[in-house]
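As stored in entry-v5.txt (compact mmCIF, C-alpha atoms and all ligand atoms):
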```
# COMPACT_ATOMS: atom_id res chain seq x y z
CA MET O 23 91.68 36.93 99.69
CA ASN O 24 92.39 36.19 103.35
CA VAL O 25 94.46 38.34 105.66
CA ARG O 26 95.61 36.36 108.70
CA VAL O 27 96.88 38.36 111.65
CA LEU O 28 100.05 36.69 112.89
CA GLY O 29 100.94 39.45 115.33
CA CYS O 30 99.93 43.06 115.94
CA SER O 31 101.46 44.08 119.27
CA GLY O 32 103.46 47.22 119.91
CA ALA O 33 106.04 45.18 121.85
CA ILE O 34 106.78 41.62 122.86
CA SER O 35 104.66 40.73 125.87
CA SER O 36 103.08 37.68 127.48
CA ALA O 37 100.07 39.75 128.62
CA SER O 38 96.77 39.27 126.80
CA ASP O 39 93.08 38.86 127.55
CA ALA O 40 89.98 37.86 125.62
CA ALA O 41 89.43 41.39 124.30
CA HIS O 42 93.02 42.08 123.43
CA ASP O 43 95.31 39.31 122.27
CA PRO O 44 97.88 40.91 119.98
CA GLY O 45 100.38 38.05 119.84
CA GLY O 46 103.87 39.04 118.73
CA THR O 47 104.89 42.17 116.86
CA THR O 48 103.56 43.19 113.47
CA ALA O 49 103.06 40.55 110.78
CA LEU O 50 100.08 39.91 108.47
CA LEU O 51 99.84 36.96 106.10
CA VAL O 52 97.89 37.57 102.86
CA ASP O 53 96.67 34.19 101.58
CA GLU O 54 99.65 31.83 101.86
CA ASP O 55 102.35 33.70 100.02
CA ILE O 56 102.47 37.39 100.92
CA LEU O 57 103.75 38.66 104.25
CA ILE O 58 103.13 42.25 105.33
CA ASP O 59 105.91 43.06 107.79
CA ALA O 60 107.94 40.34 109.45
CA GLY O 61 107.80 41.00 113.18
CA THR O 62 107.89 38.34 115.86
CA GLY O 63 104.30 37.31 115.01
CA VAL O 64 105.84 35.27 112.17
CA ALA O 65 106.93 32.76 114.84
CA VAL O 66 103.46 31.13 114.74
CA LEU O 67 104.02 29.86 111.17
CA THR O 68 105.06 26.25 110.67
CA ASP O 69 108.12 25.40 108.57
CA ASP O 70 105.85 24.49 105.64
CA GLU O 71 103.87 27.71 105.92
CA LEU O 72 107.07 29.76 106.14
CA ALA O 73 108.45 28.19 102.97
CA LEU O 74 105.33 29.26 101.03
CA VAL O 75 106.01 32.97 101.57
CA ASP O 76 107.20 34.34 98.23
CA HIS O 77 106.84 38.07 98.93
CA VAL O 78 107.47 40.23 102.00
CA PHE O 79 106.29 43.85 102.01
CA LEU O 80 107.96 45.98 104.69
CA THR O 81 106.49 49.22 106.03
CA HIS O 82 109.85 50.30 107.47
CA SER O 83 113.11 49.09 108.94
CA HIS O 84 112.36 49.06 112.67
CA LEU O 85 113.18 45.79 114.37
CA ASP O 86 109.64 45.05 115.56
CA HIS O 87 108.64 44.88 111.84
CA ILE O 88 111.65 43.01 110.43
CA ALA O 89 112.87 40.80 113.30
CA TYR O 90 111.98 37.51 111.61
CA LEU O 91 113.05 38.48 108.08
CA PRO O 92 116.75 37.55 108.29
CA LEU O 93 115.99 34.37 110.24
CA MET O 94 113.24 33.19 107.89
CA ILE O 95 115.38 33.77 104.78
CA ASP O 96 117.95 31.42 106.27
CA ALA O 97 115.37 28.90 107.52
CA VAL O 98 113.54 28.41 104.19
CA GLY O 99 116.62 28.16 101.98
CA ASP O 100 116.60 24.38 101.58
CA ALA O 101 112.84 24.26 100.99
CA ARG O 102 112.76 26.87 98.22
CA ASP O 103 114.27 27.13 94.76
CA THR O 104 113.45 30.80 94.20
CA PRO O 105 114.46 33.82 96.29
CA VAL O 106 112.03 35.53 98.62
CA THR O 107 111.25 38.98 97.20
CA VAL O 108 111.30 41.85 99.69
CA HIS O 109 109.31 44.91 98.60
CA ALA O 110 110.02 48.16 100.45
CA SER O 111 111.07 51.71 99.74
CA ARG O 112 114.57 52.20 98.31
CA ALA O 113 115.50 53.92 101.56
CA THR O 114 114.33 50.95 103.66
CA LEU O 115 116.10 48.44 101.40
CA ASP O 116 119.32 50.44 101.68
CA ILE O 117 119.02 50.34 105.49
CA LEU O 118 118.49 46.54 105.43
CA GLN O 119 121.51 46.06 103.18
CA ALA O 120 123.76 48.32 105.24
CA HIS O 121 122.69 47.29 108.74
CA ILE O 122 121.28 43.71 108.58
CA PHE O 123 122.44 41.84 105.46
CA ASN O 124 125.95 43.26 105.83
CA ASN O 125 127.90 40.09 106.65
CA LEU O 126 128.29 41.37 110.22
CA ILE O 127 124.84 41.16 111.77
CA TRP O 128 123.73 38.55 109.22
CA PRO O 129 125.06 37.12 105.95
CA ASP O 130 124.30 39.03 102.77
CA PHE O 131 121.56 36.74 101.46
CA THR O 132 121.20 38.95 98.38
CA ARG O 133 124.44 37.22 97.23
CA ILE O 134 124.34 33.79 98.87
CA PRO O 135 124.11 30.88 98.32
CA SER O 136 125.20 32.53 95.03
CA PRO O 137 124.63 35.89 93.32
CA ASP O 138 122.68 34.05 90.59
CA ALA O 139 120.45 32.15 93.03
CA PRO O 140 120.27 34.21 96.23
CA GLY O 141 118.01 33.66 99.22
CA VAL O 142 116.43 37.08 98.92
CA ARG O 143 115.99 39.76 96.30
CA PHE O 144 115.05 43.39 96.90
CA GLU O 145 112.48 45.28 94.85
CA ALA O 146 111.85 48.97 95.50
CA LEU O 147 108.27 50.14 95.99
CA GLU O 148 107.57 53.77 96.82
CA THR O 149 104.49 55.49 98.23
CA GLY O 150 101.82 55.69 95.53
CA GLU O 151 103.27 52.76 93.57
CA HIS O 152 101.72 49.31 93.47
CA VAL O 153 102.52 45.68 92.76
CA THR O 154 99.93 43.16 91.54
CA LEU O 155 100.48 39.48 92.38
CA ASN O 156 97.90 36.99 91.09
CA GLY O 157 95.00 39.42 91.40
CA ARG O 158 96.08 40.94 94.69
CA THR O 159 97.38 44.49 94.57
CA VAL O 160 99.60 46.06 97.24
CA THR O 161 99.92 49.86 97.08
CA GLY O 162 102.25 52.04 99.16
CA LEU O 163 100.40 54.58 101.33
CA PRO O 164 101.86 57.69 102.99
CA ALA O 165 103.20 57.38 106.57
CA ARG O 166 105.09 59.73 108.89
CA HIS O 167 107.53 58.00 111.22
CA THR O 168 111.06 58.50 112.55
CA VAL O 169 112.52 56.51 109.64
CA PRO O 170 111.35 56.20 106.02
CA SER O 171 107.99 54.45 106.33
CA MET O 172 104.80 53.65 104.47
CA GLY O 173 101.47 51.96 104.91
CA PHE O 174 99.85 49.59 102.44
CA ALA O 175 96.50 49.15 100.75
CA ILE O 176 95.83 45.49 99.97
CA THR O 177 93.16 45.05 97.33
CA SER O 178 91.34 41.99 96.01
CA ASP O 179 88.80 41.87 93.18
CA THR O 180 86.05 42.89 95.55
CA ALA O 181 87.38 44.67 98.62
CA CYS O 182 90.25 46.57 100.15
CA LEU O 183 92.10 46.69 103.46
CA ALA O 184 94.30 49.64 104.42
CA PHE O 185 97.15 49.39 106.93
CA SER O 186 98.79 52.49 108.38
CA GLY O 187 102.13 50.93 109.30
CA ASP O 188 103.84 52.99 112.01
CA THR O 189 102.86 56.64 111.74
CA THR O 190 101.99 59.76 113.65
CA SER O 191 99.49 62.44 112.52
CA ASN O 192 98.93 61.68 108.87
CA PRO O 193 96.02 63.44 107.11
CA GLU O 194 97.36 62.29 103.73
CA PHE O 195 96.83 58.65 104.77
CA TRP O 196 93.15 59.22 105.60
CA ALA O 197 92.52 61.26 102.43
CA THR O 198 94.03 58.46 100.36
CA VAL O 199 92.29 55.68 102.27
CA CYS O 200 88.83 57.24 102.11
CA ALA O 201 89.08 57.36 98.31
CA LEU O 202 89.81 53.61 98.05
CA PRO O 203 86.94 51.69 96.41
CA GLY O 204 85.64 48.74 98.41
CA LEU O 205 87.40 49.80 101.62
CA ARG O 206 86.32 47.31 104.31
CA HIS O 207 88.91 47.53 107.11
CA VAL O 208 91.49 50.08 108.21
CA ILE O 209 94.23 48.77 110.48
CA VAL O 210 95.63 51.79 112.25
CA GLU O 211 98.34 51.90 114.84
CA THR O 212 97.77 53.63 118.17
CA ALA O 213 100.91 52.97 120.15
CA TYR O 214 100.48 55.18 123.20
CA PRO O 215 97.77 56.47 125.55
CA ASP O 216 97.13 60.21 125.62
CA ALA O 217 99.15 60.59 128.84
CA GLN O 218 102.19 59.76 126.70
CA ILE O 219 101.45 62.24 123.90
CA ALA O 220 104.96 63.72 124.25
CA LEU O 221 106.38 60.26 123.57
CA ALA O 222 103.99 59.82 120.65
CA HIS O 223 105.32 63.07 119.15
CA ALA O 224 108.95 62.11 119.81
CA ALA O 225 108.62 58.55 118.47
CA HIS O 226 106.27 59.58 115.62
CA HIS O 227 103.41 57.31 116.68
CA TYR O 228 99.71 57.90 117.18
CA CYS O 229 97.91 58.35 120.49
CA PRO O 230 94.08 58.51 120.64
CA SER O 231 93.74 62.31 120.52
CA LEU O 232 96.00 62.48 117.43
CA VAL O 233 93.89 59.80 115.67
CA ALA O 234 90.74 61.76 116.57
CA ASP O 235 92.26 65.01 115.25
CA ASP O 236 93.00 63.35 111.91
CA LEU O 237 89.53 61.80 111.64
CA ARG O 238 87.66 65.05 112.33
CA GLY O 239 85.70 65.80 109.16
CA VAL O 240 86.73 62.52 107.50
CA GLN O 241 83.90 60.29 106.28
CA MET O 242 85.14 56.92 107.58
CA LYS O 243 82.69 54.10 106.91
CA ALA O 244 85.11 51.20 107.25
CA GLU O 245 85.80 49.50 110.56
CA LEU O 246 88.91 50.67 112.41
CA LEU O 247 91.09 47.84 113.70
CA ILE O 248 93.61 49.11 116.22
CA SER O 249 97.13 47.67 116.21
CA HIS O 250 100.56 48.30 117.74
CA LEU O 251 99.13 48.99 121.21
CA LYS O 252 102.02 49.26 123.64
CA PRO O 253 101.64 46.84 126.55
CA PRO O 254 100.43 47.33 129.25
CA HIS O 255 98.34 50.27 127.99
CA GLY O 256 96.10 48.44 125.49
CA ALA O 257 92.79 48.65 127.35
CA GLN O 258 93.37 52.29 128.26
CA ILE O 259 94.22 53.26 124.68
CA LEU O 260 91.05 51.56 123.41
CA ASP O 261 88.90 53.32 126.04
CA GLU O 262 90.41 56.66 125.03
CA LEU O 263 89.83 55.99 121.34
CA ARG O 264 86.17 55.08 121.93
CA ALA O 265 85.67 58.26 123.99
CA ALA O 266 87.40 60.42 121.37
CA LEU O 267 85.61 58.85 118.39
CA PRO O 268 81.92 58.43 119.33
CA GLY O 269 79.98 56.69 116.60
CA VAL O 270 83.10 55.26 114.93
CA SER O 271 83.23 51.46 114.69
CA LEU O 272 86.53 50.35 116.19
CA ARG O 273 88.08 47.43 118.07
CA ALA O 274 91.47 45.95 118.79
CA LEU O 275 92.96 43.80 116.06
CA ARG O 276 93.61 40.28 117.41
CA ALA O 277 96.33 37.77 116.65
CA GLY O 278 94.94 34.70 114.92
CA GLU O 279 91.94 36.37 113.34
CA VAL O 280 91.41 36.14 109.60
CA LEU O 281 89.97 39.06 107.66
CA ILE O 282 88.22 37.95 104.48
CA LEU O 283 88.25 40.33 101.53
ZN ZN W 1 108.54 51.92 113.87
ZN ZN W 2 106.57 49.39 115.21
```

Encoding of this model in structure tokens:
Amino acid sequence: MNVRVLGCSGAISSASDAAHDPGGTTALLVDEDILIDAGTGVAVLTDDELALVDHVFLTHSHLDHIAYLPLMIDAVGDARDTPVTVHASRATLDILQAHIFNNLIWPDFTRIPSPDAPGVRFEALETGEHVTLNGRTVTGLPARHTVPSMGFAITSDTACLAFSGDTTSNPEFWATVCALPGLRHVIVETAYPDAQIALAHAAHHYCPSLVADDLRGVQMKAELLISHLKPPHGAQILDELRAALPGVSLRALRAGEVLIL
């Protein structure tokens, strides 16, 4: 199983350097056919690659994680003969239906081109539940954000990757993740530097000291890959994480890299 990072930035930005190139906003491609979030990082896919995506798992309804979903459903219609399946919590699916696929912001592709052969179908997946697709299992993990949200564990026959989605302090996530067999990578968001801890609390995101608080006493052997860094604070956030977590293996997740599981 390959996990290709299409984008992992906390905002759209043209700024990047060799150590920190996050690309667009959150999107991970599992093999060729499973998308985890559909942020602006999806823009790097070719038309052919886009048409191969059969399943989209959404952590939550915020625009930086769904921006490309309505556009891609429209774009791949002629190239596909089956609907794209969107897996998310019932609450997130209800938000998408009410506020995106509502025939005002975007057509209701759950009913067009026809109710029998729509462009997209919704399938509810709640925290703790899982879906297995050709040997790859995606499991909903707990998250704490300003809207209904979850992370995902993505498991192959041999290894596992955990992704926090957007979250603030979340001991349940780490307890769940540490019990996952074969855990190799943990992608965890750290949106803000510690100077913006009030904003982290208000927006329900992590800052370095909150990550360190959650990891105190946790036996974390997997590598931490940091995502959702808010430009222009990426380098500062990473420095603060390294200072707060001595001995923990961590680095910034990079757009374009492929994690092999
Ligand atoms: Zn969010
Ligand atoms: Zn976000």

Fill in the blank from the handout: Residue with the minimum atom-to-atom distance to Asp188 in chain O, picked from O:Val64, O:Leu260, O:Ala225, O:Leu283 with all atoms listed in the file counted, is O:Ala225

List every residue of chain O that has an atom at most 12 Å from any atom of ligand ZN 1 (chain W), giving for each one its closest atom pair and the distance in Å to one decimal, counting only C-alpha atoms and all ligand atoms, sorted by chain and then by ascending residue number, as a tab-separated table.
```
residue	atom	partner	partner_atom	distance
O:Ser31	CA	W:ZN1	ZN	11.9
O:Gly32	CA	W:ZN1	ZN	9.2
O:Ala33	CA	W:ZN1	ZN	10.7
O:Thr47	CA	W:ZN1	ZN	10.8
O:Thr48	CA	W:ZN1	ZN	10.1
O:Asp59	CA	W:ZN1	ZN	11.1
O:Gly61	CA	W:ZN1	ZN	11.0
O:Leu80	CA	W:ZN1	ZN	10.9
O:Thr81	CA	W:ZN1	ZN	8.5
O:His82	CA	W:ZN1	ZN	6.7
O:Ser83	CA	W:ZN1	ZN	7.3
O:His84	CA	W:ZN1	ZN	4.9
O:Leu85	CA	W:ZN1	ZN	7.7
O:Asp86	CA	W:ZN1	ZN	7.2
O:His87	CA	W:ZN1	ZN	7.3
O:Ile88	CA	W:ZN1	ZN	10.0
O:Ala89	CA	W:ZN1	ZN	11.9
O:Thr114	CA	W:ZN1	ZN	11.8
O:Ala165	CA	W:ZN1	ZN	10.6
O:Arg166	CA	W:ZN1	ZN	9.9
O:His167	CA	W:ZN1	ZN	6.7
O:Thr168	CA	W:ZN1	ZN	7.2
O:Val169	CA	W:ZN1	ZN	7.4
O:Pro170	CA	W:ZN1	ZN	9.4
O:Ser171	CA	W:ZN1	ZN	8.0
O:Met172	CA	W:ZN1	ZN	10.3
O:Gly173	CA	W:ZN1	ZN	11.4
O:Ser186	CA	W:ZN1	ZN	11.2
O:Gly187	CA	W:ZN1	ZN	7.9
O:Asp188	CA	W:ZN1	ZN	5.2
O:Thr189	CA	W:ZN1	ZN	7.7
O:Thr190	CA	W:ZN1	ZN	10.2
O:Glu211	CA	W:ZN1	ZN	10.2
O:Thr212	CA	W:ZN1	ZN	11.7
O:Ala213	CA	W:ZN1	ZN	9.9
O:Ala222	CA	W:ZN1	ZN	11.4
O:Ala224	CA	W:ZN1	ZN	11.8
O:Ala225	CA	W:ZN1	ZN	8.1
O:His226	CA	W:ZN1	ZN	8.2
O:His227	CA	W:ZN1	ZN	8.0
O:Tyr228	CA	W:ZN1	ZN	11.2
O:His250	CA	W:ZN1	ZN	9.6
```

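With all atoms listed in the file as the atoms that count, the minimum distance from ligand ZN 2 (chain W) to the choices O:Ala265, O:Leu205, O:Ile34, O:Ala146 is reached by O:Ile34.
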
First collect every listed atom of range 252-271 of chain O; then fit an axis-aligned box around them, widen it by 4 Å on each side, and give centre and edge lengths in Å to one decimal, as JSON.
```
{"center_x": 91.0, "center_y": 53.6, "center_z": 122.0, "size_x": 30.0, "size_y": 21.6, "size_z": 22.6}
```

Exercise for the section: Fewer than 5 positions away in the same chain doesn't count, so skip those; otherwise give me all residues within 12 Å of Leu202 in chain O, counting all atoms listed in the file, as a list in words. Expected result: Thr161, Leu163, Phe174, Ala175, Ile176, Thr177, Ser178, Thr180, Ala181, Cys182, Leu183, Ala184, Phe195, Trp196, Ala197, His207, Val208, Met242, Lys243 and Ala244 of chain O

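Ranking O:Pro92, O:Arg158, O:Pro140, O:Val98 by their shortest atom-to-atom distance to Ile122 in chain O, with all atoms listed in the file included, puts O:Pro92 first.
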
Exercise for the section: State, in Å with one decimal place, the distance from CA of Phe123 in chain O to CA of Asp103 in chain O. Expected result: 19.9 Å

Practice task
Pick out the closest residue to ligand ZN 2 (chain W) from this set: O:Thr132, O:Gln241, O:Asn24, O:Thr62. Count only C-alpha atoms and all ligand atoms.
Solution key: O:Thr62

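Distances from O:Gly204, O:Gly162, O:Gly46, O:Gly239 to ligand ZN 2 (chain W) were compared using all atoms listed in the file, and the smallest one belongs to O:Gly46.
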
Exercise for the section: In the coordinates of the file, take the point (84.9, 44.9, 118.6) and a cut-off of 12 Å; then, counting all atoms listed in the file, name each qualifying protein, DNA or RNA residue as a ChimeraX atom specification. Expected result: /O:40-42,245-248,260-261,264,270-276

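Each of O:Val240, O:Ser191, O:Ala101, O:Leu251 was checked against ligand ZN 2 (chain W) using only C-alpha atoms and all ligand atoms; the smallest atom-to-atom distance is that of O:Leu251.
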
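Taking CA of Gln218 in chain O and CA of Ala257 in chain O as endpoints, the distance between them is 14.6 Å.
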
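Between CA of Ile95 in chain O and CA of Ser36 in chain O the interatomic distance comes to 26.1 Å.
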
Output range 253-266 of chain O as a PDB file, keeping the file's coordinate frame, making sure N, CA, C and O atoms are there.
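Generated file (result-v7.pdb):
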```
ATOM      1  N   PRO O 253     101.945  47.411 125.247  1.00  0.00           N
ATOM      2  CA  PRO O 253     101.640  46.840 126.550  1.00  0.00           C
ATOM      3  C   PRO O 253     102.331  47.688 127.632  1.00  0.00           C
ATOM      4  O   PRO O 253     103.458  48.151 127.384  1.00  0.00           O
ATOM      5  N   PRO O 254     101.705  47.886 128.786  1.00  0.00           N
ATOM      6  CA  PRO O 254     100.430  47.330 129.250  1.00  0.00           C
ATOM      7  C   PRO O 254      99.260  48.291 129.073  1.00  0.00           C
ATOM      8  O   PRO O 254      98.294  48.216 129.817  1.00  0.00           O
ATOM      9  N   HIS O 255      99.322  49.190 128.082  1.00  0.00           N
ATOM     10  CA  HIS O 255      98.340  50.270 127.990  1.00  0.00           C
ATOM     11  C   HIS O 255      97.184  49.983 127.047  1.00  0.00           C
ATOM     12  O   HIS O 255      96.392  50.882 126.746  1.00  0.00           O
ATOM     13  N   GLY O 256      97.080  48.731 126.532  1.00  0.00           N
ATOM     14  CA  GLY O 256      96.100  48.440 125.490  1.00  0.00           C
ATOM     15  C   GLY O 256      94.677  48.828 125.827  1.00  0.00           C
ATOM     16  O   GLY O 256      94.012  49.533 125.061  1.00  0.00           O
ATOM     17  N   ALA O 257      94.185  48.382 126.986  1.00  0.00           N
ATOM     18  CA  ALA O 257      92.790  48.650 127.350  1.00  0.00           C
ATOM     19  C   ALA O 257      92.544  50.153 127.499  1.00  0.00           C
ATOM     20  O   ALA O 257      91.506  50.679 127.069  1.00  0.00           O
ATOM     21  N   GLN O 258      93.528  50.845 128.077  1.00  0.00           N
ATOM     22  CA  GLN O 258      93.370  52.290 128.260  1.00  0.00           C
ATOM     23  C   GLN O 258      93.332  53.015 126.906  1.00  0.00           C
ATOM     24  O   GLN O 258      92.511  53.920 126.693  1.00  0.00           O
ATOM     25  N   ILE O 259      94.192  52.622 126.006  1.00  0.00           N
ATOM     26  CA  ILE O 259      94.220  53.260 124.680  1.00  0.00           C
ATOM     27  C   ILE O 259      92.880  53.046 123.976  1.00  0.00           C
ATOM     28  O   ILE O 259      92.326  53.978 123.375  1.00  0.00           O
ATOM     29  N   LEU O 260      92.335  51.839 124.069  1.00  0.00           N
ATOM     30  CA  LEU O 260      91.050  51.560 123.410  1.00  0.00           C
ATOM     31  C   LEU O 260      89.927  52.378 124.038  1.00  0.00           C
ATOM     32  O   LEU O 260      89.071  52.922 123.336  1.00  0.00           O
ATOM     33  N   ASP O 261      89.910  52.486 125.378  1.00  0.00           N
ATOM     34  CA  ASP O 261      88.900  53.320 126.040  1.00  0.00           C
ATOM     35  C   ASP O 261      89.002  54.767 125.565  1.00  0.00           C
ATOM     36  O   ASP O 261      87.988  55.423 125.299  1.00  0.00           O
ATOM     37  N   GLU O 262      90.218  55.266 125.457  1.00  0.00           N
ATOM     38  CA  GLU O 262      90.410  56.660 125.030  1.00  0.00           C
ATOM     39  C   GLU O 262      89.986  56.860 123.582  1.00  0.00           C
ATOM     40  O   GLU O 262      89.409  57.892 123.231  1.00  0.00           O
ATOM     41  N   LEU O 263      90.255  55.874 122.746  1.00  0.00           N
ATOM     42  CA  LEU O 263      89.830  55.990 121.340  1.00  0.00           C
ATOM     43  C   LEU O 263      88.307  56.016 121.236  1.00  0.00           C
ATOM     44  O   LEU O 263      87.749  56.816 120.481  1.00  0.00           O
ATOM     45  N   ARG O 264      87.642  55.127 121.996  1.00  0.00           N
ATOM     46  CA  ARG O 264      86.170  55.080 121.930  1.00  0.00           C
ATOM     47  C   ARG O 264      85.575  56.397 122.417  1.00  0.00           C
ATOM     48  O   ARG O 264      84.601  56.897 121.858  1.00  0.00           O
ATOM     49  N   ALA O 265      86.176  56.986 123.462  1.00  0.00           N
ATOM     50  CA  ALA O 265      85.670  58.260 123.990  1.00  0.00           C
ATOM     51  C   ALA O 265      85.910  59.394 122.995  1.00  0.00           C
ATOM     52  O   ALA O 265      85.085  60.305 122.860  1.00  0.00           O
ATOM     53  N   ALA O 266      87.044  59.331 122.291  1.00  0.00           N
ATOM     54  CA  ALA O 266      87.400  60.420 121.370  1.00  0.00           C
ATOM     55  C   ALA O 266      86.706  60.290 120.022  1.00  0.00           C
ATOM     56  O   ALA O 266      86.633  61.264 119.266  1.00  0.00           O
TER      57      ALA O 266
END
```
